[in-house]
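Below is one structure, written out as structure tokens, with a few remarks after it.
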Amino acid sequence: MKKEKKAGQIAKMLTGILDTMLVLDANSTSCGLIYQPKAPEKLKQFRDGKSR
């Protein structure tokens with residue numbers, strides 16, 4: 001029981017960290033100035049801190 005609770009807390013923290021990283025990546029330029037491909041539609045849900 002204790003291990004399950006700890007695993008759940010770790011999973012929540014990891015999810016929060018990954019969501020934050022996706023928000024930062026969705027709002028930053030990662031390609032050169034000349035060519036930047038269009039972002040996938042699923043990535044747009046993380047734009048401006050609006051996840052899920």
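Chain labels A, B, ... are given in the sequence in which chains occur in the structure tokens; within each chain residues are numbered consecutively from 1, and ligands are likewise numbered from 1 in the order shown.
Around Asp19 of chain A, within 8 Å and counting only C-alpha atoms, the residues found are Thr15, Gly16, Leu22, Val23, Phe46 and Ser51 of chain A, once anything fewer than 3 positions away on its own chain is removed.
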Original post:
What gap, in Å, lies between atom CA of Leu43 of chain A and atom CA of Ala11 of chain A?
Top reply: 21.2 Å
Original post:
Between atom CA of Lys44 of chain A and atom CA of Ala26 of chain A, what is the spacing in Å?
Top reply: 7.1 Å
**OP:** In Å, rounded to a single decimal, give me how far atom CA of Ala7 of chain A is from atom CA of Lys42 of chain A.
**Re:** 27.4 Å
